[in-house]
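Participant: Please find one structure pasted underneath; my questions will follow.
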Amino acid sequence: MVDITDQKTRSFPKIEFTDSEAGALEFPSSKSRTYNYYKPAKLRATMYEDVTVDVQPDPDRHLTQGWIYGFGDGPGGYPKEWTKAQSSDWHAFLDPNEEWEQTIYRNNAAVVRQVNLCLENAKRARAYEAWNHAWVSFIQRNLGAWMHAENGIALHVFTSIQRSAPTNMINNAVAVAAAHKMRFAQDLALYNLDLSEAGIDFDGAAHRDVWQSAPEWQPTRRTVEELTAVGDWAELTFATNIVFEQLVGQLFRSELVMQIAARNGDYITPTLVGTGENDYARDLAASRNLFQLLVRDEEHGAANKVLFGQWLATWVPKCLEAAQALQPIWSQPAEKTVTFATSLDAAKDKFRSLLDEIGLDLPKELDQ
């Protein structure tokens with residue numbers, strides 16, 4: 001039997017505090033329960049920044065072993081080669097609208113309620129019966145045709161590139177633009193169905209032939225189809241939101257439909273089209289912010305400015321051709337409160353202001 005009285009007492013090292021332990025150091029925010037690993041746009045981080053900043057991995061910032069996933073043809077993760085534009089820090093872009101999953105659903109739900117209420121009131125008041133024949137024809141042909149442009153941009157422009165950019169912030173903004181366009185195109189389609197069932201002489205199928213065959217709409221159709229063939233995500237965003245929407249989209253929606261609808265006894269269409277204009281204003285704010293950053297980039301700004309000038313030289317003539325081909329539709333309504341020349345000048349002025357805000361030179365093609 002072992003005599004335990006002979007065993008020596010064990011000793012343990014004493015705990016020594018060196019002030020290197022977590023929580024030992026006192027500093028201005030050491031008592032705060034909020035911790036940021038990024039610099040917010042303002043003094044305090046927003047919910048949008050908390051749920052989107054650095055959600056998308058980037059080996060330049062976090063992954064020392066490089067991309068841990070890739071594509072079958074070689075590129076890994078989010079290749080920067082998917083655009084000719086360059087940035088010293090793609091993560092500097094923050095969406096000024098602060099759109100993320102919750103706000104997308106909330107904002108679109110509010111728009112849908114507004115549109116539905118307007119259409120229900122129009123049916124109850126039998127407002128469509130007061131329209132003159134010329135205005136009914138204008139809506140069935142031209143607003144229906146524009147629905148195809150919105151749908152094409154939604155599905156084959158923004159949806160196709162909504163994961164192509166190198167940061168989650170940019171991709172979020174592009175995805176929101178796709179959702180806006182898709183919802184607006186669907187609103188126009190549902191409006192077309194409502195008018196078809198309103199008991200007036202409205203041909204709900206006329207828009208298809210107009211989009212496919214009407215001479216005034218073919219340059220617009222061709223431009224939209226050419227946009228869908230662009231592989232560079234930044235060029236596609238630039239050509240669509242900065243050029244096409246300014247010289248063609250706003251020209252039709254804002255400078256024509258919104259200007260003359262009320263004089264033709266129509267208060268429903270401006271309400272509907274106004275939601276699309278509001279969507280574009282929000283999407284434009286994000287695009288303007290992005291391209292301003294690229295033009296002002298200390299390392300790549302000069303090269304980006306030259307590149308954007310080349311994009312303007314390519315797309316401004318195409319969009320001006322599409323805009324000028326639409327001139328005949330200005331004479332279709334019975335009440336013509338605005339001329340095509342006035343509308344085009346207004347669209348060009350807005351375009352010039354936008355380019356000035358971004359920091360780009362006016363293309364000579366704009367005045368041809």
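To be explicit about the labels: the chains of the structure tokens are called A, B, and onward in the order shown, and within each one the residues are counted from 1, while ligands get numbers from 1 in the order they are shown.
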Excluding Lys39 in chain A and residues on its chain fewer than 3 positions from it, collect all residues at most 12 Å away from it, counting only C-alpha atoms, and give them as a PyMOL selection string.
Facilitator: chain A and resi 35-36+42-46+49-50+53-54+91-94
Participant: Please dump the current selection as a compact mmCIF listing (two decimals), in the first residue's frame; keep all heavy atoms.
Facilitator:
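That gives us part.txt:
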# COMPACT_ATOMS: atom_id res chain seq x y z
N TYR A 35 -19.11 47.37 -32.99
CA TYR A 35 -17.74 47.31 -33.51
C TYR A 35 -17.80 47.29 -35.04
O TYR A 35 -18.53 46.49 -35.62
CB TYR A 35 -17.01 46.07 -32.99
CG TYR A 35 -16.96 46.02 -31.49
CD1 TYR A 35 -17.94 45.33 -30.77
CD2 TYR A 35 -15.96 46.67 -30.79
CE1 TYR A 35 -17.91 45.30 -29.39
CE2 TYR A 35 -15.93 46.65 -29.40
CZ TYR A 35 -16.90 45.96 -28.71
OH TYR A 35 -16.86 45.93 -27.35
N ASN A 36 -17.05 48.17 -35.68
CA ASN A 36 -17.01 48.24 -37.14
C ASN A 36 -15.63 47.84 -37.64
O ASN A 36 -14.62 48.25 -37.08
CB ASN A 36 -17.31 49.67 -37.62
CG ASN A 36 -18.76 50.04 -37.42
OD1 ASN A 36 -19.63 49.19 -37.44
ND2 ASN A 36 -19.02 51.33 -37.24
N LYS A 42 -20.85 57.85 -43.36
CA LYS A 42 -21.05 58.97 -42.45
C LYS A 42 -20.42 58.63 -41.09
O LYS A 42 -19.72 57.62 -40.96
CB LYS A 42 -22.53 59.28 -42.32
CG LYS A 42 -23.17 59.69 -43.65
CD LYS A 42 -24.65 60.01 -43.50
CE LYS A 42 -25.25 60.42 -44.84
NZ LYS A 42 -26.70 60.72 -44.73
N LEU A 43 -20.69 59.43 -40.08
CA LEU A 43 -20.09 59.20 -38.78
C LEU A 43 -20.54 57.89 -38.16
O LEU A 43 -19.78 57.23 -37.45
CB LEU A 43 -20.42 60.37 -37.84
CG LEU A 43 -19.79 61.72 -38.19
CD1 LEU A 43 -20.25 62.79 -37.21
CD2 LEU A 43 -18.27 61.62 -38.19
N ARG A 44 -21.78 57.52 -38.44
CA ARG A 44 -22.34 56.31 -37.85
C ARG A 44 -22.78 55.36 -38.94
O ARG A 44 -23.40 55.76 -39.93
CB ARG A 44 -23.51 56.67 -36.94
CG ARG A 44 -24.08 55.49 -36.17
CD ARG A 44 -25.04 55.97 -35.11
NE ARG A 44 -25.56 54.86 -34.31
CZ ARG A 44 -26.30 55.00 -33.23
NH1 ARG A 44 -26.61 56.23 -32.82
NH2 ARG A 44 -26.72 53.96 -32.56
N ALA A 45 -22.48 54.08 -38.80
CA ALA A 45 -22.87 53.09 -39.79
C ALA A 45 -24.38 52.92 -39.83
O ALA A 45 -25.06 53.01 -38.81
CB ALA A 45 -22.21 51.75 -39.49
N THR A 46 -24.90 52.66 -41.02
CA THR A 46 -26.34 52.41 -41.19
C THR A 46 -26.59 50.91 -41.24
O THR A 46 -25.67 50.11 -41.41
CB THR A 46 -26.85 53.06 -42.47
OG1 THR A 46 -26.20 52.44 -43.60
CG2 THR A 46 -26.55 54.55 -42.50
N GLU A 49 -25.27 49.42 -44.47
CA GLU A 49 -23.84 49.13 -44.49
C GLU A 49 -23.52 47.87 -43.68
O GLU A 49 -22.69 47.05 -44.08
CB GLU A 49 -23.06 50.33 -43.96
CG GLU A 49 -23.12 51.53 -44.89
CD GLU A 49 -22.52 52.78 -44.26
OE1 GLU A 49 -22.69 52.96 -43.04
OE2 GLU A 49 -21.91 53.57 -45.00
N ASP A 50 -24.19 47.72 -42.55
CA ASP A 50 -23.93 46.55 -41.71
C ASP A 50 -24.26 45.23 -42.40
O ASP A 50 -23.61 44.22 -42.16
CB ASP A 50 -24.73 46.65 -40.41
CG ASP A 50 -24.11 47.62 -39.41
OD1 ASP A 50 -22.91 47.93 -39.56
OD2 ASP A 50 -24.83 48.07 -38.50
N VAL A 53 -21.76 45.63 -46.51
CA VAL A 53 -20.32 45.87 -46.65
C VAL A 53 -19.54 44.58 -46.40
O VAL A 53 -19.70 43.93 -45.36
CB VAL A 53 -19.84 46.97 -45.70
CG1 VAL A 53 -18.33 47.05 -45.68
CG2 VAL A 53 -20.42 48.31 -46.12
N ASP A 54 -18.72 44.21 -47.36
CA ASP A 54 -17.82 43.06 -47.25
C ASP A 54 -18.54 41.72 -47.10
O ASP A 54 -17.95 40.74 -46.64
CB ASP A 54 -16.83 43.24 -46.09
CG ASP A 54 -15.72 44.20 -46.47
OD1 ASP A 54 -15.46 44.36 -47.67
OD2 ASP A 54 -15.11 44.79 -45.56
N HIS A 91 -14.53 48.79 -53.53
CA HIS A 91 -15.38 48.78 -52.34
C HIS A 91 -15.73 50.18 -51.86
O HIS A 91 -16.51 50.33 -50.92
CB HIS A 91 -14.69 48.00 -51.22
CG HIS A 91 -14.47 46.56 -51.54
ND1 HIS A 91 -15.39 45.58 -51.27
CD2 HIS A 91 -13.43 45.93 -52.15
CE1 HIS A 91 -14.94 44.41 -51.68
NE2 HIS A 91 -13.75 44.60 -52.22
N ALA A 92 -15.17 51.21 -52.49
CA ALA A 92 -15.50 52.58 -52.10
C ALA A 92 -16.93 52.95 -52.48
O ALA A 92 -17.49 53.89 -51.91
CB ALA A 92 -14.52 53.56 -52.74
N PHE A 93 -17.50 52.22 -53.42
CA PHE A 93 -18.88 52.53 -53.84
C PHE A 93 -19.88 52.11 -52.77
O PHE A 93 -19.88 50.97 -52.31
CB PHE A 93 -19.23 51.81 -55.15
CG PHE A 93 -20.69 51.92 -55.51
CD1 PHE A 93 -21.19 53.07 -56.10
CD2 PHE A 93 -21.57 50.88 -55.23
CE1 PHE A 93 -22.54 53.18 -56.42
CE2 PHE A 93 -22.91 50.96 -55.55
CZ PHE A 93 -23.40 52.12 -56.14
N LEU A 94 -20.74 53.06 -52.39
CA LEU A 94 -21.86 52.79 -51.50
C LEU A 94 -23.12 53.32 -52.17
O LEU A 94 -23.15 54.46 -52.64
CB LEU A 94 -21.67 53.48 -50.14
CG LEU A 94 -20.47 53.02 -49.30
CD1 LEU A 94 -20.36 53.86 -48.05
CD2 LEU A 94 -20.59 51.55 -48.94
Participant: Would you give me, as CSV, each residue of range 137-205 of chain A having an atom within 10 Å of an atom of range 311-335 of chain A, along with its shortest atom pair and that distance in Å to one decimal, using only C-alpha atoms and sorting by chain and residue number?
Facilitator:
residue,atom,partner,partner_atom,distance
A:Ser137,CA,A:Gln332,CA,8.3
A:Phe138,CA,A:Pro333,CA,6.4
A:Ile139,CA,A:Pro333,CA,9.3
A:Arg141,CA,A:Ile329,CA,9.5
A:Asn142,CA,A:Ile329,CA,7.8
Participant: Kindly export the residues of the current selection with all heavy atoms, as a compact mmCIF listing (two decimals), in the first residue's frame.
Facilitator:
# COMPACT_ATOMS: atom_id res chain seq x y z
N SER A 137 -55.58 55.23 -79.10
CA SER A 137 -54.64 54.66 -80.08
C SER A 137 -53.20 54.92 -79.67
O SER A 137 -52.32 54.05 -79.80
CB SER A 137 -54.91 55.26 -81.46
OG SER A 137 -53.98 54.78 -82.41
N PHE A 138 -52.93 56.11 -79.15
CA PHE A 138 -51.57 56.45 -78.72
C PHE A 138 -51.11 55.51 -77.61
O PHE A 138 -49.98 55.00 -77.63
CB PHE A 138 -51.54 57.90 -78.23
CG PHE A 138 -50.21 58.32 -77.66
CD1 PHE A 138 -49.22 58.82 -78.48
CD2 PHE A 138 -49.95 58.21 -76.29
CE1 PHE A 138 -47.98 59.20 -77.95
CE2 PHE A 138 -48.73 58.59 -75.76
CZ PHE A 138 -47.74 59.08 -76.60
N ILE A 139 -51.98 55.28 -76.63
CA ILE A 139 -51.62 54.42 -75.50
C ILE A 139 -51.43 52.98 -75.93
O ILE A 139 -50.45 52.31 -75.56
CB ILE A 139 -52.68 54.52 -74.39
CG1 ILE A 139 -52.67 55.91 -73.76
CG2 ILE A 139 -52.43 53.46 -73.30
CD1 ILE A 139 -51.39 56.28 -73.05
N ARG A 141 -50.62 51.76 -78.75
CA ARG A 141 -49.46 51.56 -79.62
C ARG A 141 -48.14 51.85 -78.89
O ARG A 141 -47.24 51.01 -78.85
CB ARG A 141 -49.56 52.47 -80.85
CG ARG A 141 -50.62 52.05 -81.86
CD ARG A 141 -50.68 53.04 -83.01
NE ARG A 141 -49.38 53.14 -83.68
CZ ARG A 141 -48.96 52.31 -84.62
NH1 ARG A 141 -49.72 51.28 -84.99
NH2 ARG A 141 -47.78 52.48 -85.18
N ASN A 142 -48.05 53.02 -78.30
CA ASN A 142 -46.75 53.49 -77.83
C ASN A 142 -46.40 53.10 -76.41
O ASN A 142 -45.28 52.67 -76.13
CB ASN A 142 -46.68 55.01 -78.01
CG ASN A 142 -46.91 55.42 -79.45
OD1 ASN A 142 -46.25 54.94 -80.36
ND2 ASN A 142 -47.88 56.29 -79.68
Participant: Would you list, as a count of residues only, the residues of range 159-305 of chain A that end up in helix (DSSP H, G or I) under DSSP run on this structure's backbone?
Facilitator: 117
Participant: Contacts of range 195-205 of chain A at 8 Å or less, counting only C-alpha atoms, minus same-chain residues fewer than 4 places along, as a list in words?
Facilitator: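 After dropping sequence-adjacent residues, the list is Lys123, Tyr128, Glu129, His133, Val136, Ser137, Gln140, Tyr191 and Asp209 of chain A.
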Participant: Kindly save the residues from that selection, with N, CA, C and O atoms included, as a compact mmCIF listing (two decimals), in the first residue's frame.
Facilitator:
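Below is the file that was written, out_2.txt:
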# COMPACT_ATOMS: atom_id res chain seq x y z
N LYS A 123 -61.43 52.39 -62.75
CA LYS A 123 -62.53 51.50 -63.14
C LYS A 123 -63.84 51.95 -62.51
O LYS A 123 -64.89 51.97 -63.17
N TYR A 128 -61.91 55.69 -68.32
CA TYR A 128 -61.42 55.40 -69.67
C TYR A 128 -62.43 55.78 -70.75
O TYR A 128 -62.05 56.06 -71.89
N GLU A 129 -63.70 55.80 -70.41
CA GLU A 129 -64.72 56.11 -71.40
C GLU A 129 -64.64 57.55 -71.88
O GLU A 129 -65.20 57.90 -72.93
N HIS A 133 -60.51 58.96 -79.18
CA HIS A 133 -59.97 57.83 -79.95
C HIS A 133 -58.47 57.97 -80.20
O HIS A 133 -57.72 56.99 -80.15
N VAL A 136 -56.56 56.89 -77.10
CA VAL A 136 -56.63 55.43 -76.94
C VAL A 136 -55.63 54.76 -77.87
O VAL A 136 -54.89 53.85 -77.48
N SER A 137 -55.58 55.23 -79.10
CA SER A 137 -54.64 54.66 -80.08
C SER A 137 -53.20 54.92 -79.67
O SER A 137 -52.32 54.05 -79.80
N GLN A 140 -52.35 52.46 -76.74
CA GLN A 140 -52.26 51.05 -77.12
C GLN A 140 -51.04 50.77 -77.98
O GLN A 140 -50.46 49.69 -77.92
N TYR A 191 -51.73 46.99 -66.95
CA TYR A 191 -52.50 48.16 -67.40
C TYR A 191 -53.09 47.90 -68.78
O TYR A 191 -54.26 48.23 -69.05
N ASP A 209 -47.19 44.16 -82.58
CA ASP A 209 -46.87 44.49 -83.97
C ASP A 209 -46.12 45.82 -84.06
O ASP A 209 -45.23 45.98 -84.89
Participant: Nearest to Gly66 in chain A: which of A:Phe244, A:Trp233, A:Tyr105, A:Tyr78 is it, counting only C-alpha atoms?
Facilitator: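 Of all the options, A:Tyr78 lies closest to Gly66 in chain A.
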Participant: List the neighbours of Gln162 in chain A out to 9 Å using only C-alpha atoms; skip same-chain residues closer than 3 positions along the sequence, and give me the result as number ranges by chain.
Facilitator: A: 157-159, 165, 170-176, 178, 233
Participant: Write the residues you've just listed into a file as an mmCIF file, in the first residue's frame, and include N, CA, C and O atoms for each of them.
Facilitator:
data_model
loop_
_atom_site.group_PDB
_atom_site.id
_atom_site.type_symbol
_atom_site.label_atom_id
_atom_site.label_comp_id
_atom_site.auth_asym_id
_atom_site.auth_seq_id
_atom_site.Cartn_x
_atom_site.Cartn_y
_atom_site.Cartn_z
ATOM 1 N N VAL A 157 -30.469 42.959 -69.501
ATOM 2 C CA VAL A 157 -29.411 43.917 -69.188
ATOM 3 C C VAL A 157 -29.025 43.792 -67.720
ATOM 4 O O VAL A 157 -27.980 43.241 -67.375
ATOM 5 N N PHE A 158 -29.893 44.264 -66.833
ATOM 6 C CA PHE A 158 -29.529 44.301 -65.419
ATOM 7 C C PHE A 158 -29.541 42.918 -64.763
ATOM 8 O O PHE A 158 -28.671 42.619 -63.947
ATOM 9 N N THR A 159 -30.508 42.092 -65.106
ATOM 10 C CA THR A 159 -30.519 40.746 -64.514
ATOM 11 C C THR A 159 -29.289 39.952 -64.942
ATOM 12 O O THR A 159 -28.712 39.198 -64.151
ATOM 13 N N ALA A 165 -20.196 42.496 -61.070
ATOM 14 C CA ALA A 165 -19.294 43.496 -60.496
ATOM 15 C C ALA A 165 -18.459 42.892 -59.371
ATOM 16 O O ALA A 165 -18.843 41.882 -58.780
ATOM 17 N N ILE A 170 -22.118 47.060 -55.537
ATOM 18 C CA ILE A 170 -22.486 47.360 -56.922
ATOM 19 C C ILE A 170 -23.524 46.362 -57.415
ATOM 20 O O ILE A 170 -24.513 46.733 -58.064
ATOM 21 N N ASN A 171 -23.312 45.099 -57.113
ATOM 22 C CA ASN A 171 -24.256 44.080 -57.559
ATOM 23 C C ASN A 171 -25.640 44.289 -56.965
ATOM 24 O O ASN A 171 -26.655 44.042 -57.618
ATOM 25 N N ASN A 172 -25.705 44.735 -55.713
ATOM 26 C CA ASN A 172 -26.995 45.043 -55.101
ATOM 27 C C ASN A 172 -27.725 46.132 -55.875
ATOM 28 O O ASN A 172 -28.924 46.031 -56.150
ATOM 29 N N ALA A 173 -27.003 47.203 -56.222
ATOM 30 C CA ALA A 173 -27.614 48.319 -56.939
ATOM 31 C C ALA A 173 -28.123 47.874 -58.309
ATOM 32 O O ALA A 173 -29.202 48.296 -58.752
ATOM 33 N N VAL A 174 -27.361 47.021 -58.982
ATOM 34 C CA VAL A 174 -27.781 46.522 -60.295
ATOM 35 C C VAL A 174 -28.995 45.607 -60.162
ATOM 36 O O VAL A 174 -29.927 45.667 -60.972
ATOM 37 N N ALA A 175 -29.006 44.764 -59.129
ATOM 38 C CA ALA A 175 -30.144 43.874 -58.903
ATOM 39 C C ALA A 175 -31.411 44.669 -58.608
ATOM 40 O O ALA A 175 -32.511 44.302 -59.053
ATOM 41 N N VAL A 176 -31.279 45.770 -57.867
ATOM 42 C CA VAL A 176 -32.433 46.623 -57.585
ATOM 43 C C VAL A 176 -32.955 47.251 -58.877
ATOM 44 O O VAL A 176 -34.176 47.332 -59.098
ATOM 45 N N ALA A 178 -32.779 45.956 -61.816
ATOM 46 C CA ALA A 178 -33.489 44.878 -62.517
ATOM 47 C C ALA A 178 -34.889 44.701 -61.942
ATOM 48 O O ALA A 178 -35.868 44.546 -62.688
ATOM 49 N N TRP A 233 -19.818 44.623 -67.978
ATOM 50 C CA TRP A 233 -20.924 45.026 -67.103
ATOM 51 C C TRP A 233 -20.952 46.529 -66.859
ATOM 52 O O TRP A 233 -22.030 47.131 -66.761
#
Participant: Which is closest to Leu117 in chain A among A:Val55, A:Ile268, A:Met147, A:Met47, if we use only C-alpha atoms?
Facilitator: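 When distances to Leu117 in chain A are compared using only C-alpha atoms, the smallest one comes from A:Ile268.
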Participant: Check the smallest atom-to-atom distance from each of A:Leu143, A:Pro96, A:Lys364, A:Ile104 to Ala179 in chain A using only C-alpha atoms, then report the winner.
Facilitator: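 Answer, going by the shortest atom-to-atom distance: A:Ile104.
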Participant: For Arg288 in chain A, work out the shell of residues within 8 Å, counting only C-alpha atoms and skipping chain neighbours fewer than 5 positions away, then give it as a ChimeraX atom specification.
Facilitator: /A:242,354,357-358
Participant: For Ala261 in chain A, list every protein, DNA or RNA residue within 10 Å, evaluated using only C-alpha atoms, and leave out those in the same chain fewer than 4 positions away; present the list as a ChimeraX atom specification.
Facilitator: /A:135,139,256-257,265-270,333,335-337
Participant: Can you pull out every residue within 12 Å of range 85-88 of chain A, counting only C-alpha atoms, but drop anything in the same chain fewer than 4 positions away, and send it as a ChimeraX atom specification?
Facilitator: /A:60,79-81,92-93,165-167,232-238,290-311
Participant: For Gly152 in chain A, which of A:Asp356, A:Lys181, A:Gly276, A:Ala281 is the closest residue, counting only C-alpha atoms?
Facilitator: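 So, comparing all the options, the nearest one is A:Lys181.
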